[in-house]
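Worksheet: the structure to be examined is printed underneath.
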Amino acid sequence: MIYSQKFVWLHFPKCAGSKIEQLFKTYFSRQEDIFQDVIETEKDSSFSWHDSVADREARDPAFRLGDRMVICPFRKLPSWLESRYNFEAQRNPHLPHRPEILLEGKFLEANGMENHADVYVQKYLPPPILKSGKVRFLRTEYFEQDFKSIFGEFLDLSRIPPWEYQSLINASAKHLPEKVRRRLYEQPRKVYEQCPEWRVIEEMAYGTQAGVS
């Protein structure tokens with residue numbers, strides 16, 4: 001999580017969050033009005049940098065969202081599922097990953113628990129936040145455009161050189177079998193039917209109908 005008196009940025013996993021954390025650490029770490037979680041398991045085994053607003057309010061009684069803008073990174077469902085699978089398969093190759101469950105919006109967490117894409121939507125974007133009208137989506141597919149549009153309201157972005165927006169970090173190798181990958185992208189309607197809450201948010205963020213080839 002990164003926040004100031006004006007905004008709260010949520011580290012929604014596998015949506016270029018590490019890239020945003022790097023940009024803030026490199027160019028805004030000395031800005032006293034911005035708080036940024038440390039991303040090191042040695043220093044914080046609770047993974048608090050992935051807190052939702054509710055998580056942080058429970059963890060820190062002094063923290064309140066108030067009328068701050070919520071900035072949440074997001075990406076289209078097939079791409080997110082592929083990225084999530086590749087990440088988990090790379091860091092936990094010993095787990096019994098079954099790529100076909102991606103077609104149901106499911107995947108394995110680091111502890112071997114089966115999880116679902118909609119659980120993440122429920123965690124980071126619950127109804128009270130959505131209904132507040134103070135939510136901005138930073139879409140992974142339009143990273144530079146959205147980053148500048150959103151954070152330009154709060155920060156002096158001139159200190160970030162243009163090339164920084166193009167560099168990638170924390171990218172996982174490809175582990176998803178091509179047969180399953182094709183089904184994710186060529187038959188998206190079936191995948192979205194399994195993830196109705198994700199579909200609602202995606203249509204809100206992109207302004208287009210989700211799952212239409």
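Labels used: A, B, ... for chains in the order of the structure tokens, numbers from 1 for residues in each chain, and numbers from 1 for ligands as shown.
The residue set within 10 Å of range 53-64 of chain A, counting only C-alpha atoms and dropping same-chain residues fewer than 4 places from it, reads Met1, Val8, Trp9, Leu10, Ser48, Trp49, Arg68, Val70, Lys123, Tyr124, Leu125, Pro126 and Ile129 of chain A.
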Output the selection as a PDB file, in the first residue's frame - C-alpha atoms for each residue.
ATOM      1  CA  MET A   1       0.000   0.000   0.000  1.00  0.00           C
ATOM      2  CA  VAL A   8      -4.584   5.350  -1.225  1.00  0.00           C
ATOM      3  CA  TRP A   9      -2.989   3.029  -3.763  1.00  0.00           C
ATOM      4  CA  LEU A  10      -3.737  -0.678  -3.356  1.00  0.00           C
ATOM      5  CA  SER A  48       1.079  -5.999   4.687  1.00  0.00           C
ATOM      6  CA  TRP A  49       1.953  -4.312   1.399  1.00  0.00           C
ATOM      7  CA  ARG A  68      -9.203   9.866  -0.048  1.00  0.00           C
ATOM      8  CA  VAL A  70      -8.692   4.842  -3.950  1.00  0.00           C
ATOM      9  CA  LYS A 123     -11.088  -8.015  -1.125  1.00  0.00           C
ATOM     10  CA  TYR A 124      -9.852  -4.850  -2.833  1.00  0.00           C
ATOM     11  CA  LEU A 125     -13.022  -3.413  -4.345  1.00  0.00           C
ATOM     12  CA  PRO A 126     -15.946  -4.050  -1.973  1.00  0.00           C
ATOM     13  CA  ILE A 129     -15.583   1.648  -2.036  1.00  0.00           C
TER      14      ILE A 129
END
### range 66-189 of chain A: residues DSSP assigns to strand (DSSP E), reported as an MDAnalysis selection string
chainID A and resid 69:74 106:108 114:116 135:139
Those selected residues, please, written with C-alpha atoms and delivered as a PDB file, in the first residue's frame.
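Below is the file that was written, again_36.pdb:
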ATOM      1  CA  MET A  69      -9.175   8.618  -3.616  1.00  0.00           C
ATOM      2  CA  VAL A  70      -8.692   4.842  -3.950  1.00  0.00           C
ATOM      3  CA  ILE A  71      -6.351   3.915  -6.794  1.00  0.00           C
ATOM      4  CA  CYS A  72      -6.503   0.254  -7.761  1.00  0.00           C
ATOM      5  CA  PRO A  73      -4.464  -1.392 -10.525  1.00  0.00           C
ATOM      6  CA  PHE A  74      -6.369  -3.820 -12.689  1.00  0.00           C
ATOM      7  CA  LYS A 106      -9.282 -20.651 -10.135  1.00  0.00           C
ATOM      8  CA  PHE A 107      -5.592 -21.088  -9.273  1.00  0.00           C
ATOM      9  CA  LEU A 108      -3.378 -22.250  -6.401  1.00  0.00           C
ATOM     10  CA  GLU A 114      -7.290 -23.147  -4.292  1.00  0.00           C
ATOM     11  CA  ASN A 115      -8.489 -19.591  -4.775  1.00  0.00           C
ATOM     12  CA  HIS A 116     -10.688 -17.683  -7.216  1.00  0.00           C
ATOM     13  CA  VAL A 135     -12.080   4.999  -7.321  1.00  0.00           C
ATOM     14  CA  ARG A 136      -9.586   5.201 -10.181  1.00  0.00           C
ATOM     15  CA  PHE A 137      -8.397   2.137 -12.090  1.00  0.00           C
ATOM     16  CA  LEU A 138      -4.809   1.960 -13.282  1.00  0.00           C
ATOM     17  CA  ARG A 139      -5.094  -0.504 -16.147  1.00  0.00           C
TER      18      ARG A 139
END
### Task
If you run DSSP over the backbone, which residues in chain A end up alpha helix (DSSP H)? Put them as a ChimeraX atom specification.
/A:17-27,53-59,77-91,117-124,127-132,143-151,178-186,188-193,196-206
### Task
Please provide as JSON, numbers by chain all residues within 10 Å of range 31-42 of chain A, with the sequence filter that same-chain residues fewer than 2 positions apart are discarded (counting only C-alpha atoms).
{"A": [1, 2, 3, 4, 5, 6, 7, 8, 9, 18, 21, 22, 24, 25, 27, 28, 29, 44, 45, 46, 47, 48, 49, 50, 51, 155]}
If you keep C-alpha atoms, can you produce a file of those selected residues as an mmCIF file, in the first residue's frame?
data_model
loop_
_atom_site.group_PDB
_atom_site.id
_atom_site.type_symbol
_atom_site.label_atom_id
_atom_site.label_comp_id
_atom_site.auth_asym_id
_atom_site.auth_seq_id
_atom_site.Cartn_x
_atom_site.Cartn_y
_atom_site.Cartn_z
ATOM 1 C CA MET A 1 0.000 0.000 0.000
ATOM 2 C CA ILE A 2 1.083 3.547 -0.759
ATOM 3 C CA TYR A 3 -0.866 6.517 0.532
ATOM 4 C CA SER A 4 -0.910 10.233 1.232
ATOM 5 C CA GLN A 5 -3.563 12.540 2.599
ATOM 6 C CA LYS A 6 -5.175 12.576 -0.847
ATOM 7 C CA PHE A 7 -4.984 9.011 -2.170
ATOM 8 C CA VAL A 8 -4.584 5.350 -1.225
ATOM 9 C CA TRP A 9 -2.989 3.029 -3.763
ATOM 10 C CA SER A 18 5.885 -4.089 -8.199
ATOM 11 C CA GLU A 21 6.278 0.327 -5.947
ATOM 12 C CA GLN A 22 9.658 0.675 -7.674
ATOM 13 C CA PHE A 24 7.650 5.415 -5.883
ATOM 14 C CA LYS A 25 10.679 4.054 -4.054
ATOM 15 C CA TYR A 27 11.501 8.886 -7.244
ATOM 16 C CA PHE A 28 9.278 9.745 -4.275
ATOM 17 C CA SER A 29 10.812 8.016 -1.238
ATOM 18 C CA ASP A 44 7.478 -7.805 7.234
ATOM 19 C CA SER A 45 6.377 -11.436 7.128
ATOM 20 C CA SER A 46 2.719 -10.363 7.206
ATOM 21 C CA PHE A 47 2.817 -9.196 3.561
ATOM 22 C CA SER A 48 1.079 -5.999 4.687
ATOM 23 C CA TRP A 49 1.953 -4.312 1.399
ATOM 24 C CA HIS A 50 -0.902 -6.326 -0.100
ATOM 25 C CA ASP A 51 -3.419 -4.932 2.405
ATOM 26 C CA LEU A 155 2.767 14.205 -7.829
#
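CA of Gly211 in chain A sits 8.5 Å away from CA of Glu193 in chain A.
Distance-wise, CA of Pro99 in chain A and CA of Ala171 in chain A end up 18.6 Å apart.
Of the residues listed (A:Lys19, A:Asp156, A:Ile201, A:Tyr85), A:Ile201 shows the shortest atom-to-atom separation from Leu130 in chain A; distances use only C-alpha atoms.
Of the residues listed (A:Pro78, A:Gly17, A:Pro127, A:Pro177), A:Pro78 shows the shortest atom-to-atom separation from Glu202 in chain A; distances use only C-alpha atoms.
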